Amino acid sequence: MKKMKTLLALSAFVFLPGAALPQSKPALDPMPSFVKGTELYDAGQYDQAVAAFSEALKSDSNLAVAYTYRGMAYYAQKAYREAIADCTKALEFTPGDTPTLLTRGNAYRNNGEHNRAIADYLRILQTRPNHSEAFYNRGIAHYFKGETDQAMTEFAEVLKASDALDLHAGALLYLGFLYDVKGDSAQAAEDYAEAVRLDIAKPSGVTPISLGRQAAQKGDYEEAVQQYQTVSQSDPLYAVALNYRAHAYLAGGKTDLAIADYKEVLGLSPAYATAWSDLGFAYYSLGRYEEAIRAYNEVLRLNPGSGAAFNNRGFAYFNQGDYDRAIADYTEAVRIEPSLAPGYYGRAGAYAKKENFSQALTDYGKAVQYDPAYAAAFFSRAELYSKNGDFEEAEADYSAVLDMDETYSDEKNEKRYFYASTLKGRGNARFQLGCYDEAKADFETALNLNPALLDAYKGLERIADIEAQGVEDEAEVQQ
């Protein structure tokens, strides 16, 4: 009976006269919210733009362009994870959309996911092979990874593929950085000057950074710092400007200020491998080797193929007395870059500390083979030859150092102490070879450069003793 009453009640409910079946609400048009979002985005009101695009997506969750625009608004707010998520959703509907791929690539790059960023730029270039913004941003990704040659290739493509002055100016600025890394300061200066000339369409951080780099090249680090300080925090080049301000502080002897700037840079761009490398050098220059090693570890996490990072970490290990780890790092450095002279030089020093002199001499030979002007390598090999009693070879290497700079006798030359030690070393080698007059001249010149060289005084005393003994012997013969 209970079941029957229930059925009757339900039946009565279903067929109740005048009752209407539930109706679905008509779908709302997403376009008014979307258009409002684009207007807010163009006005730089990104929070409100995100809200408007979100409202549009409530009305139509398949509106791909709303995901793209919301991703762009998130990107403008530096909310890179959210930007990546929205662009990824948009790409489910429009897999090859260029603006979406470019935004996601830039978000990946700024989030430190450089390889994913490079993959997105590649997808753009596969369908649009002359897309200058893809080349430009891929160049920045390589630059942040510390991949100099790859970055230079990308920026060169920008100059060929685009007529946009702002992109040309930016590409020339980065090329200036990269030529500086390669030691071509003349080409770097030329690129900086051209970048300033072109930075007129949309004036940006390009001009002050270029002027700062030119001032730094001339040794005017205060002017460089002042230029870098004019780059606003909203400028995409702000982190780069901070990094180079740190360079200027470091070159001007203000290492603590440099470290503070590098830390701020890395707070903004945690995957900026170049900044990690520079921070490592700053710590190294202060003798804070453990912190330098940690910084180089970060470089290698971001760019495992960086021969320079292995080399620099090797020097930090060397100064800690950890010669085995140093040798391992130097070995990896020269494997990656077979002509990396400092890698051979560092490994030679570590082998010498372990008294593996034959291997040390081989590596010093490699260092001077790849860099014939490597004065420190010639000097260190000469020292090792002297230690082994090979004085003719030692004299030749000391002479090679002295032949590199004819101005070493100038008291204002900052290298005078190094050359004084070289002259003292050659004087000792010549003394051992019985060339006393030449040895005496070397010891005297060495003392003119550095009067504190006690060994040079001792060398002169030994020569004086020999000369006195010679006079006595001659007198005896005459008697």
# chains A, B, ... in the order shown; residues from 1 in each chain; ligands from 1
call {"tool": "select_by_dssp", "arguments": {"residues": "stretch 237-402 of chain A", "states": "helix (DSSP H, G or I)", "output": "PyMOL selection string"}}
result
chain A and resi 238-251+255-268+273-285+289-302+307-319+323-336+341-353+357-370+375-387+391-402
call {"tool": "closest_residue", "arguments": {"among": "A:Tyr221, A:Tyr238, A:Tyr179, A:Tyr385", "to": "A:Gly205", "atoms": "only C-alpha atoms"}}
result
A:Tyr238
call {"tool": "atom_distance", "arguments": {"atom1": "atom CA of A:Gly253", "atom2": "atom CA of A:Ala195"}}
result
28.5 Å
call {"tool": "atom_distance", "arguments": {"atom1": "atom CA of A:Leu402", "atom2": "atom CA of A:Tyr419"}}
result
7.0 Å
call {"tool": "residues_around", "arguments": {"residues": "stretch 30-40 of chain A", "least_positions_apart": "3", "cutoff": "8 Å", "atoms": "only C-alpha atoms", "output": "ChimeraX atom specification"}}
result
/A:43-46,48-53,55-60,66,69
call {"tool": "write_last_selection", "arguments": {"atoms": "C-alpha atoms", "output": "PDB file, in the first residue's frame"}}
result
ATOM      1  CA  ALA A  43      44.236  50.720 -21.721  1.00  0.00           C
ATOM      2  CA  GLY A  44      46.677  48.745 -19.542  1.00  0.00           C
ATOM      3  CA  GLN A  45      43.998  47.848 -16.975  1.00  0.00           C
ATOM      4  CA  TYR A  46      44.989  44.215 -16.806  1.00  0.00           C
ATOM      5  CA  GLN A  48      39.854  44.371 -15.040  1.00  0.00           C
ATOM      6  CA  ALA A  49      40.672  42.889 -18.441  1.00  0.00           C
ATOM      7  CA  VAL A  50      41.193  39.469 -16.837  1.00  0.00           C
ATOM      8  CA  ALA A  51      37.790  39.788 -15.122  1.00  0.00           C
ATOM      9  CA  ALA A  52      36.078  40.727 -18.402  1.00  0.00           C
ATOM     10  CA  PHE A  53      37.646  37.835 -20.324  1.00  0.00           C
ATOM     11  CA  GLU A  55      33.097  36.699 -17.805  1.00  0.00           C
ATOM     12  CA  ALA A  56      33.179  36.030 -21.558  1.00  0.00           C
ATOM     13  CA  LEU A  57      34.459  32.508 -20.920  1.00  0.00           C
ATOM     14  CA  LYS A  58      31.634  31.844 -18.477  1.00  0.00           C
ATOM     15  CA  SER A  59      29.293  32.484 -21.391  1.00  0.00           C
ATOM     16  CA  ASP A  60      31.325  30.449 -23.883  1.00  0.00           C
ATOM     17  CA  ALA A  66      39.320  34.928 -24.930  1.00  0.00           C
ATOM     18  CA  TYR A  69      43.693  37.547 -24.548  1.00  0.00           C
TER      19      TYR A  69
END
call {"tool": "residues_around", "arguments": {"residues": "A:Glu92", "least_positions_apart": "6", "cutoff": "12 Å", "atoms": "only C-alpha atoms", "output": "PyMOL selection string"}}
result
chain A and resi 62-65+67-68+85-86+100-101
call {"tool": "residues_around", "arguments": {"residues": "A:Gly112", "least_positions_apart": "3", "cutoff": "10 Å", "atoms": "only C-alpha atoms", "output": "MDAnalysis selection string"}}
result
chainID A and resid 106:109 115:117 141 144:145 269:273 302
call {"tool": "closest_residue", "arguments": {"among": "A:Phe357, A:Tyr344, A:Phe418, A:Tyr283", "to": "A:Tyr370", "atoms": "only C-alpha atoms"}}
result
A:Tyr344
call {"tool": "residues_around", "arguments": {"residues": "A:Asn243", "least_positions_apart": "5", "cutoff": "10 Å", "atoms": "only C-alpha atoms", "output": "number ranges by chain"}}
result
A: 228, 237-238, 248-249, 258-259, 261-266, 272, 274-276, 278-279
call {"tool": "closest_residue", "arguments": {"among": "A:Gly389, A:Asn450, A:Gly105, A:Tyr192", "to": "A:Lys415", "atoms": "only C-alpha atoms"}}
result
A:Asn450
call {"tool": "closest_residue", "arguments": {"among": "A:Asp149, A:Asp455, A:Glu154, A:Asp465", "to": "A:Asn137", "atoms": "only C-alpha atoms"}}
result
A:Glu154
call {"tool": "residues_around", "arguments": {"residues": "stretch 440-449 of chain A", "least_positions_apart": "2", "cutoff": "9 Å", "atoms": "only C-alpha atoms", "output": "MDAnalysis selection string"}}
result
chainID A and resid 408:411 416:417 419:428 430:431 435:438 451:457 459:460 463
call {"tool": "write_last_selection", "arguments": {"atoms": "N, CA and C atoms", "output": "mmCIF file, in the first residue's frame"}}
result
data_model
loop_
_atom_site.group_PDB
_atom_site.id
_atom_site.type_symbol
_atom_site.label_atom_id
_atom_site.label_comp_id
_atom_site.auth_asym_id
_atom_site.auth_seq_id
_atom_site.Cartn_x
_atom_site.Cartn_y
_atom_site.Cartn_z
ATOM 1 N N TYR A 408 106.239 47.179 -19.907
ATOM 2 C CA TYR A 408 106.153 46.670 -18.540
ATOM 3 C C TYR A 408 107.001 47.480 -17.562
ATOM 4 N N SER A 409 107.993 48.212 -18.072
ATOM 5 C CA SER A 409 108.867 48.961 -17.170
ATOM 6 C C SER A 409 108.226 50.272 -16.710
ATOM 7 N N ASP A 410 107.088 50.641 -17.308
ATOM 8 C CA ASP A 410 106.383 51.854 -16.906
ATOM 9 C C ASP A 410 105.793 51.662 -15.508
ATOM 10 N N GLU A 411 106.141 52.553 -14.597
ATOM 11 C CA GLU A 411 105.689 52.399 -13.209
ATOM 12 C C GLU A 411 104.175 52.454 -13.080
ATOM 13 N N ARG A 416 102.924 45.748 -13.513
ATOM 14 C CA ARG A 416 104.363 45.802 -13.269
ATOM 15 C C ARG A 416 104.830 44.758 -12.266
ATOM 16 N N TYR A 417 103.977 44.420 -11.277
ATOM 17 C CA TYR A 417 104.402 43.427 -10.287
ATOM 18 C C TYR A 417 104.499 42.045 -10.915
ATOM 19 N N TYR A 419 105.220 41.505 -14.074
ATOM 20 C CA TYR A 419 106.435 41.509 -14.900
ATOM 21 C C TYR A 419 107.690 41.501 -14.038
ATOM 22 N N ALA A 420 107.617 42.120 -12.849
ATOM 23 C CA ALA A 420 108.757 42.064 -11.938
ATOM 24 C C ALA A 420 109.040 40.620 -11.540
ATOM 25 N N SER A 421 107.989 39.863 -11.250
ATOM 26 C CA SER A 421 108.177 38.453 -10.893
ATOM 27 C C SER A 421 108.717 37.662 -12.078
ATOM 28 N N THR A 422 108.273 38.024 -13.275
ATOM 29 C CA THR A 422 108.762 37.337 -14.474
ATOM 30 C C THR A 422 110.247 37.606 -14.671
ATOM 31 N N LEU A 423 110.660 38.864 -14.499
ATOM 32 C CA LEU A 423 112.082 39.217 -14.631
ATOM 33 C C LEU A 423 112.912 38.505 -13.568
ATOM 34 N N LYS A 424 112.379 38.442 -12.373
ATOM 35 C CA LYS A 424 113.093 37.732 -11.307
ATOM 36 C C LYS A 424 113.263 36.270 -11.664
ATOM 37 N N GLY A 425 112.172 35.648 -12.200
ATOM 38 C CA GLY A 425 112.246 34.244 -12.596
ATOM 39 C C GLY A 425 113.246 34.021 -13.712
ATOM 40 N N ARG A 426 113.229 34.906 -14.720
ATOM 41 C CA ARG A 426 114.194 34.736 -15.811
ATOM 42 C C ARG A 426 115.614 34.965 -15.311
ATOM 43 N N GLY A 427 115.771 35.933 -14.377
ATOM 44 C CA GLY A 427 117.091 36.168 -13.805
ATOM 45 C C GLY A 427 117.612 34.916 -13.115
ATOM 46 N N ASN A 428 116.741 34.234 -12.390
ATOM 47 C CA ASN A 428 117.153 33.001 -11.715
ATOM 48 C C ASN A 428 117.537 31.922 -12.717
ATOM 49 N N ARG A 430 118.618 32.357 -15.790
ATOM 50 C CA ARG A 430 119.887 32.741 -16.402
ATOM 51 C C ARG A 430 121.058 32.533 -15.450
ATOM 52 N N PHE A 431 120.809 32.795 -14.154
ATOM 53 C CA PHE A 431 121.854 32.531 -13.168
ATOM 54 C C PHE A 431 122.235 31.053 -13.177
ATOM 55 N N CYS A 435 124.690 32.610 -16.976
ATOM 56 C CA CYS A 435 124.656 33.898 -17.702
ATOM 57 C C CYS A 435 124.508 35.022 -16.675
ATOM 58 N N TYR A 436 125.572 35.334 -15.960
ATOM 59 C CA TYR A 436 125.477 36.200 -14.792
ATOM 60 C C TYR A 436 125.172 37.650 -15.143
ATOM 61 N N ASP A 437 125.754 38.169 -16.208
ATOM 62 C CA ASP A 437 125.494 39.560 -16.577
ATOM 63 C C ASP A 437 124.007 39.764 -16.924
ATOM 64 N N GLU A 438 123.473 38.829 -17.719
ATOM 65 C CA GLU A 438 122.057 38.930 -18.084
ATOM 66 C C GLU A 438 121.163 38.751 -16.858
ATOM 67 N N PRO A 451 110.427 46.839 -5.516
ATOM 68 C CA PRO A 451 111.560 46.790 -4.576
ATOM 69 C C PRO A 451 111.392 45.760 -3.459
ATOM 70 N N ALA A 452 110.221 45.154 -3.347
ATOM 71 C CA ALA A 452 109.982 44.203 -2.255
ATOM 72 C C ALA A 452 110.359 42.769 -2.621
ATOM 73 N N LEU A 453 110.935 42.550 -3.809
ATOM 74 C CA LEU A 453 111.280 41.191 -4.245
ATOM 75 C C LEU A 453 112.586 40.741 -3.579
ATOM 76 N N LEU A 454 112.468 40.078 -2.448
ATOM 77 C CA LEU A 454 113.659 39.667 -1.700
ATOM 78 C C LEU A 454 114.508 38.689 -2.493
ATOM 79 N N ASP A 455 113.876 37.821 -3.278
ATOM 80 C CA ASP A 455 114.641 36.829 -4.043
ATOM 81 C C ASP A 455 115.555 37.496 -5.062
ATOM 82 N N ALA A 456 115.130 38.654 -5.579
ATOM 83 C CA ALA A 456 115.978 39.364 -6.534
ATOM 84 C C ALA A 456 117.217 39.909 -5.832
ATOM 85 N N TYR A 457 117.035 40.420 -4.597
ATOM 86 C CA TYR A 457 118.199 40.864 -3.825
ATOM 87 C C TYR A 457 119.160 39.708 -3.590
ATOM 88 N N GLY A 459 119.497 37.082 -5.402
ATOM 89 C CA GLY A 459 120.151 36.762 -6.666
ATOM 90 C C GLY A 459 121.321 37.682 -6.932
ATOM 91 N N LEU A 460 121.145 38.971 -6.665
ATOM 92 C CA LEU A 460 122.247 39.920 -6.849
ATOM 93 C C LEU A 460 123.388 39.626 -5.889
ATOM 94 N N ILE A 463 125.377 36.738 -7.246
ATOM 95 C CA ILE A 463 126.214 37.161 -8.366
ATOM 96 C C ILE A 463 127.418 37.951 -7.851
#
